[in-house]
Amino acid sequence: METAQCGPEGPLGPKTGFGCATFNQDATSLALGTHSGFRLFSLTNVDMLDCIYHSTVNSLDVGVVERLYGSSLVVVVSAQTPQHLHIYHFKKGTEICNYNYPKPVHAVKLNRQRLVACLEGSLYIHNIKDMKLLQTLVVPSNPCGLCALSSSGSCSYLAYPHCPNTGELQVYDATALTPVTVIPAHHSPLAALSFNTSASRLASASRKGTVIRVFSIPQGHHLFEFRRGMKRCVDISCLSFSPDGHFLCSSSNTETVHVFRLEHPNASLDQEVDSSWGSYMGRMFSAASSYLPAPVSHMMSQERAFATAQLPRPSYRNTCALAVIQKLPRLLVATSDSILYVFTFDPAEGGKCQLSHTHQLLEELQGQSEGRVWEASDWLGPVTPCPTYAATAALPPAPSLTPGLTAATLTESFGSGVFKLGECEHPRRLGEDSRSSLLPKLPSTCLPHTGL
């Protein structure tokens, strides 16, 4: 789930109870960065918000937190030391590794192959299997840390602004470490980016906030264009595809969350004509648009929202996701008011999404009624089996060391798998981008696998 993170206050802005809120790659977990650590919530039950982890040590003011699928790996960047990136095994309460960058880290994206740290003017691409730095990209000024990384597929596609003053975006292959294409997506600067699950489509929105476009990947062809609204410009903070890629949701600083259906424009030609009122009006607008001036005709031909959800009140910034929970499609919205809203979503009829559940994210946990809370004392006892990082990332043995580098290797049994993280010293940068040599080297540290 991709959100723009602007400044040390994180995506949810100032005067909130927390610094960031992010859904993991398959929207089965919500990570919440607070002013005193971070929390992880399981999203398998809409009736009860299950807090599976609550950090209480060191009282970090967390500005960035990302979890890798359902594994125990969590990446954290604190507001006190935004140049430092920490990788934790949260179930065991241990720090696996940390890196020090020359400038503050505004965003972190990860999948089973790559970890990308986004700084204001550069992107650092790591191999997630051993955290070796593979490439450093010098990019245009990107103070909001806007970027998107595909979550699965044979290629790890990375998208980021190509120019700070226009809506051009760069697609980069983070697996082959080569540029793919430049897409002229919008006229105004970009505000949000998101890949679908199969990495075959990329959605984008500009700071104007009225139009959302979807492009094919890797070709960069324009596939869909949706109009969020006409009356006002908004700050779109999040775009997110449904797991099957048939729908796209969008949230902003307003009280309305939009869901768009990604149906091929010619698909209706092979089907019977829909007799619903909405389809009738759509055909009428389409027919009338041919007689209007080109700008008005283009506006009327743009698709409108298939479904909408109404929040009780607008928030500074929201993040949203479409997920299947308890065998039903749901629309999830985490707001800067420290609230998680759960809406029912009808993929057949669309329309207005009904609010089914509301969860306060920062209210005091009452005993065990909201799930297991891991305290520092739990780290001293035996650790129960947990979802393996090795199974999630499919880790092979760490490669041999580059001559002249020192390294520490951590070996930890996770059930039937073995996790190895080697070469934590900064290795030689790869790639042919001569500009990357202008950046300073990254010191890094591997710590013993003991309690924090």
# chains A, B, ... in the order shown; residues from 1 in each chain; ligands from 1
$ select_by_dssp --residues "segment 55-298 of chain A" --states "helix (DSSP H, G or I)" --output "ChimeraX atom specification"
/A:267-270,277-289,294-298
$ write_last_selection --atoms "N, CA and C atoms" --output "short mmCIF file (atom, residue, chain, number, x, y, z; two decimals), in the first residue's frame"
data_model
loop_
_atom_site.label_atom_id
_atom_site.label_comp_id
_atom_site.auth_asym_id
_atom_site.auth_seq_id
_atom_site.Cartn_x
_atom_site.Cartn_y
_atom_site.Cartn_z
N ALA A 267 -15.03 -4.03 -23.02
CA ALA A 267 -15.56 -5.28 -22.48
C ALA A 267 -17.07 -5.34 -22.60
N SER A 268 -17.73 -4.20 -22.48
CA SER A 268 -19.19 -4.18 -22.52
C SER A 268 -19.74 -4.50 -23.90
N LEU A 269 -18.89 -4.43 -24.97
CA LEU A 269 -19.37 -4.71 -26.31
C LEU A 269 -19.71 -6.17 -26.49
N ASP A 270 -19.08 -7.05 -25.73
CA ASP A 270 -19.31 -8.48 -25.85
C ASP A 270 -20.37 -8.96 -24.87
N TRP A 277 -29.88 2.19 -14.21
CA TRP A 277 -29.95 3.64 -14.39
C TRP A 277 -28.57 4.25 -14.57
N GLY A 278 -27.59 3.77 -13.79
CA GLY A 278 -26.24 4.30 -13.91
C GLY A 278 -25.65 4.06 -15.28
N SER A 279 -25.87 2.84 -15.83
CA SER A 279 -25.35 2.54 -17.16
C SER A 279 -26.05 3.36 -18.23
N TYR A 280 -27.35 3.56 -18.06
CA TYR A 280 -28.10 4.38 -19.01
C TYR A 280 -27.56 5.80 -19.05
N MET A 281 -27.35 6.40 -17.88
CA MET A 281 -26.82 7.76 -17.83
C MET A 281 -25.41 7.81 -18.41
N GLY A 282 -24.62 6.76 -18.17
CA GLY A 282 -23.27 6.73 -18.74
C GLY A 282 -23.29 6.73 -20.24
N ARG A 283 -24.22 5.96 -20.84
CA ARG A 283 -24.33 5.94 -22.29
C ARG A 283 -24.81 7.28 -22.84
N MET A 284 -25.70 7.92 -22.10
CA MET A 284 -26.20 9.22 -22.52
C MET A 284 -25.07 10.26 -22.52
N PHE A 285 -24.25 10.26 -21.43
CA PHE A 285 -23.12 11.19 -21.36
C PHE A 285 -22.13 10.92 -22.49
N SER A 286 -21.89 9.64 -22.76
CA SER A 286 -20.93 9.29 -23.79
C SER A 286 -21.41 9.76 -25.16
N ALA A 287 -22.72 9.60 -25.43
CA ALA A 287 -23.26 10.02 -26.71
C ALA A 287 -23.24 11.54 -26.84
N ALA A 288 -23.55 12.24 -25.76
CA ALA A 288 -23.61 13.70 -25.81
C ALA A 288 -22.22 14.32 -25.92
N SER A 289 -21.20 13.61 -25.41
CA SER A 289 -19.86 14.20 -25.38
C SER A 289 -19.29 14.46 -26.76
N ALA A 294 -13.76 19.84 -27.13
CA ALA A 294 -12.84 18.75 -26.79
C ALA A 294 -12.54 18.66 -25.29
N PRO A 295 -12.22 19.77 -24.59
CA PRO A 295 -11.93 19.64 -23.15
C PRO A 295 -13.12 19.11 -22.35
N VAL A 296 -14.33 19.59 -22.70
CA VAL A 296 -15.51 19.12 -21.98
C VAL A 296 -15.82 17.68 -22.34
N SER A 297 -15.65 17.33 -23.61
CA SER A 297 -15.89 15.96 -24.04
C SER A 297 -14.96 14.98 -23.34
N HIS A 298 -13.68 15.37 -23.20
CA HIS A 298 -12.72 14.50 -22.53
C HIS A 298 -13.10 14.30 -21.06
#
$ closest_atom_pairs --of "segment 210-264 of chain A" --to "segment 134-148 of chain A" --cutoff "12 Å" --atoms "only C-alpha atoms" --output "JSON lines"
{"residue": "A:Ser237", "atom": "CA", "partner": "A:Leu146", "partner_atom": "CA", "distance": 10.1}
{"residue": "A:Cys238", "atom": "CA", "partner": "A:Leu146", "partner_atom": "CA", "distance": 10.7}
{"residue": "A:Leu239", "atom": "CA", "partner": "A:Ala148", "partner_atom": "CA", "distance": 10.3}
{"residue": "A:Ser240", "atom": "CA", "partner": "A:Ala148", "partner_atom": "CA", "distance": 10.8}
$ write_last_selection --atoms "all heavy atoms" --output "compact mmCIF listing (two decimals), in the first residue's frame"
# COMPACT_ATOMS: atom_id res chain seq x y z
N SER A 237 -3.64 10.94 -0.96
CA SER A 237 -2.53 10.43 -0.17
C SER A 237 -2.27 8.94 -0.38
O SER A 237 -1.21 8.44 -0.02
CB SER A 237 -2.78 10.68 1.32
OG SER A 237 -4.04 10.14 1.71
N CYS A 238 -3.25 8.22 -0.95
CA CYS A 238 -3.07 6.77 -1.07
C CYS A 238 -3.86 6.23 -2.25
O CYS A 238 -5.01 6.61 -2.48
CB CYS A 238 -3.53 6.08 0.22
SG CYS A 238 -3.30 4.29 0.21
N LEU A 239 -3.23 5.34 -3.01
CA LEU A 239 -3.87 4.54 -4.04
C LEU A 239 -3.57 3.08 -3.73
O LEU A 239 -2.45 2.74 -3.36
CB LEU A 239 -3.33 4.88 -5.43
CG LEU A 239 -3.60 6.29 -5.96
CD1 LEU A 239 -2.83 6.52 -7.27
CD2 LEU A 239 -5.08 6.51 -6.18
N SER A 240 -4.57 2.21 -3.89
CA SER A 240 -4.35 0.81 -3.56
C SER A 240 -5.26 -0.08 -4.41
O SER A 240 -6.46 0.16 -4.49
CB SER A 240 -4.62 0.56 -2.07
OG SER A 240 -4.43 -0.80 -1.74
$ closest_residue --among "A:Val333, A:Ile339, A:Leu193, A:Cys233" --to "His258 of chain A" --atoms "only C-alpha atoms"
A:Val333
$ closest_residue --among "A:Gln326, A:Thr181, A:Asn111, A:Thr94" --to "Leu43 of chain A" --atoms "only C-alpha atoms"
A:Gln326
